[in-house]
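Participant: Okay, handing you the structure first.
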Amino acid sequence: MTAGAMIGDREKCLEAGMNDYLSKPIDCALLQACLRKFLGRPPACTTEPSDASALPPGIPAAMPGLEIAKTLVRMENDWELYISTIIEFPSFYGDSPEQLAKALAEEDYDAARRLAHTLKGLGATFGMEAVHATALAVETMLKEGQAIAAILPRIELLREQLREVEAAIGELVRLTPAEMLPPDENLAATTS
């Protein structure tokens with residue numbers, strides 16, 4: 001399993017002697033199928049859940065900045081896991097554009113690359129497709145050694161995208177039935 005999901009990464013892994021290849025974000029069905037193949041077990045006899053099967057009543061399949069239903073399918077339709085994890089995102093990563101700009105100002109390109117890489121992965125994992133794409137662009141620009149002046153507009157775009165995601169998370173929390181929300185002190189911060 002690897003975060004390398006670029007064209008040619010699969011072939012490189014297989015040429016290096018790997019048995020198979022899975023890239024992030026983790027798709028539980030693909031992981032199970034791969035494990036079953038190499039453990040000599042027959043394929044699981046399950047039906048693929050529909051995109052909206054685990055959504056609580058009144059929760060849309062997508063919101064600006066969030067692909068909820070697609071993410072739920074990857075999380076095996078575990079709403080409690082999804083909502084308890086997504087609620088944490090703003091408190092941990094809401095200030096990422098400021099951190100990126102600070103790292104660039106301090107010429108700490110390794111820290112900036114790590115943060116862009118993390119945002120890229122989280123964007124893919126949680127169905128934040130715009131965040132994923134912009135963070136990927138920032139990471140690529142940093143790897144290529146592009147000028148800070150060229151990267152800063154992407155960081156500003158990332159700031160706007162993260163605001164949109166944070167607003168969607170707040171709305172998602174508001175729409176989620178209380179009994180389906182985690183008892184968490186971070187919940188109050190997300191909804192304010």
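Please note that chains go A, B, ... in the order of the structure tokens, that every chain numbers its residues from 1, and that ligands are numbered from 1 in the order shown.
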Need the shell around Leu100 of chain A: protein/DNA/RNA residues with any atom at most 8 Å away, counting only C-alpha atoms. Skip same-chain ones fewer than 6 positions apart. Format as a ChimeraX atom specification?

Facilitator: /A:111-112,115-116,155

Participant: Between atom CA of Leu172 of chain A and atom CA of Ala101 of chain A, measure the distance and give it in Å to one decimal.

Facilitator: 28.9 Å

Participant: Using only C-alpha atoms for the distances, tell me which of A:Ser84, A:Ile148, A:Leu122, A:Pro183 is nearest to Glu106 of chain A.

Facilitator: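 Counting only C-alpha atoms, the residue closest to Glu106 of chain A is A:Ile148.
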
Participant: Would you mind telling me which residue in A:Pro90, A:Pro64, A:Gly17, A:Gly58 lies nearest to Leu175 of chain A when using only C-alpha atoms?

Facilitator: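 Closest candidate: A:Gly58.
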
Participant: Taking 3 positions as the minimum chain separation for residues in the same chain, which residues sit within 10 Å of Asp95 of chain A when counting only C-alpha atoms? Answer as a short mmCIF file (atom, residue, chain, number, x, y, z; two decimals) with N, CA, C and O atoms, in the first residue's frame.

Facilitator:
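Saved file part-v4.cif follows:
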```cif
data_model
loop_
_atom_site.label_atom_id
_atom_site.label_comp_id
_atom_site.auth_asym_id
_atom_site.auth_seq_id
_atom_site.Cartn_x
_atom_site.Cartn_y
_atom_site.Cartn_z
N PRO A 90 -11.24 20.63 11.08
CA PRO A 90 -10.94 22.07 11.18
C PRO A 90 -9.98 22.42 12.31
O PRO A 90 -9.12 23.27 12.15
N SER A 91 -10.12 21.74 13.45
CA SER A 91 -9.24 22.10 14.57
C SER A 91 -7.80 21.69 14.32
O SER A 91 -6.87 22.33 14.82
N PHE A 92 -7.59 20.65 13.53
CA PHE A 92 -6.22 20.21 13.25
C PHE A 92 -5.63 20.84 11.99
O PHE A 92 -4.42 21.07 11.93
N GLU A 98 -1.99 29.12 6.61
CA GLU A 98 -1.08 30.00 7.38
C GLU A 98 0.22 29.28 7.68
O GLU A 98 1.31 29.86 7.59
N GLN A 99 0.13 28.00 8.04
CA GLN A 99 1.34 27.21 8.32
C GLN A 99 2.20 27.06 7.06
O GLN A 99 3.43 27.14 7.14
N LEU A 100 1.54 26.84 5.93
CA LEU A 100 2.28 26.74 4.66
C LEU A 100 3.00 28.03 4.34
O LEU A 100 4.19 28.03 3.98
N ARG A 159 -6.82 28.18 1.08
CA ARG A 159 -7.48 28.86 2.21
C ARG A 159 -8.98 28.97 1.94
O ARG A 159 -9.80 28.64 2.81
N LEU A 162 -10.61 25.48 2.13
CA LEU A 162 -10.73 24.99 3.50
C LEU A 162 -11.84 25.72 4.25
O LEU A 162 -12.52 25.12 5.09
N ARG A 163 -12.05 26.99 3.95
CA ARG A 163 -13.19 27.72 4.54
C ARG A 163 -14.50 27.06 4.09
O ARG A 163 -15.43 26.91 4.88
#
```

Participant: Could you tell me which of A:Met18, A:Met180, A:Glu11, A:Ile86 comes closest to Gly127 of chain A if we count only C-alpha atoms?

Facilitator: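 Of the candidates, the smallest distance to Gly127 of chain A is held by A:Ile86.
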
Participant: By how many Å are atom CA of Glu15 of chain A and atom CA of Leu39 of chain A apart?

Facilitator: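 Rounded to one decimal, the two atoms are 21.5 Å apart.
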
Participant: Compare A:Lys12, A:Gly40, A:Leu181, A:Met128 by their minimum atom-to-atom distance to Ala69 of chain A, counting only C-alpha atoms, and give me the closest one.

Facilitator: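 Among A:Lys12, A:Gly40, A:Leu181, A:Met128, it is A:Met128 that comes nearest to Ala69 of chain A.
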
Participant: Mind giving me the straight-line distance from atom CA of Tyr93 of chain A to atom CA of Arg74 of chain A in Å, one decimal?

Facilitator: 21.4 Å

Participant: Hey, what's within 10 Å of Thr85 of chain A if we count only C-alpha atoms and toss same-chain stuff fewer than 6 positions away? As a ChimeraX atom specification, please?

Facilitator: /A:79,126,182

Participant: Restricting the calculation to only C-alpha atoms, which member of A:Val173, A:Ala147, A:Met141, A:Ala124 is positioned closest to Gly65 of chain A?

Facilitator: A:Ala124

Participant: Report as a PyMOL selection string: the residues of segment 10-180 of chain A with a DSSP assignment of helix (DSSP H, G or I), based on the backbone of this structure.

Facilitator: chain A and resi 10-15+28-39+68-74+79-86+89-93+96-105+109-125+129-143+148-175+178-180

Participant: Find, counting only C-alpha atoms, the residue in A:Leu119, A:Met75, A:Ala103, A:Ile169 that gets nearest to Leu152 of chain A.

Facilitator: A:Ala103
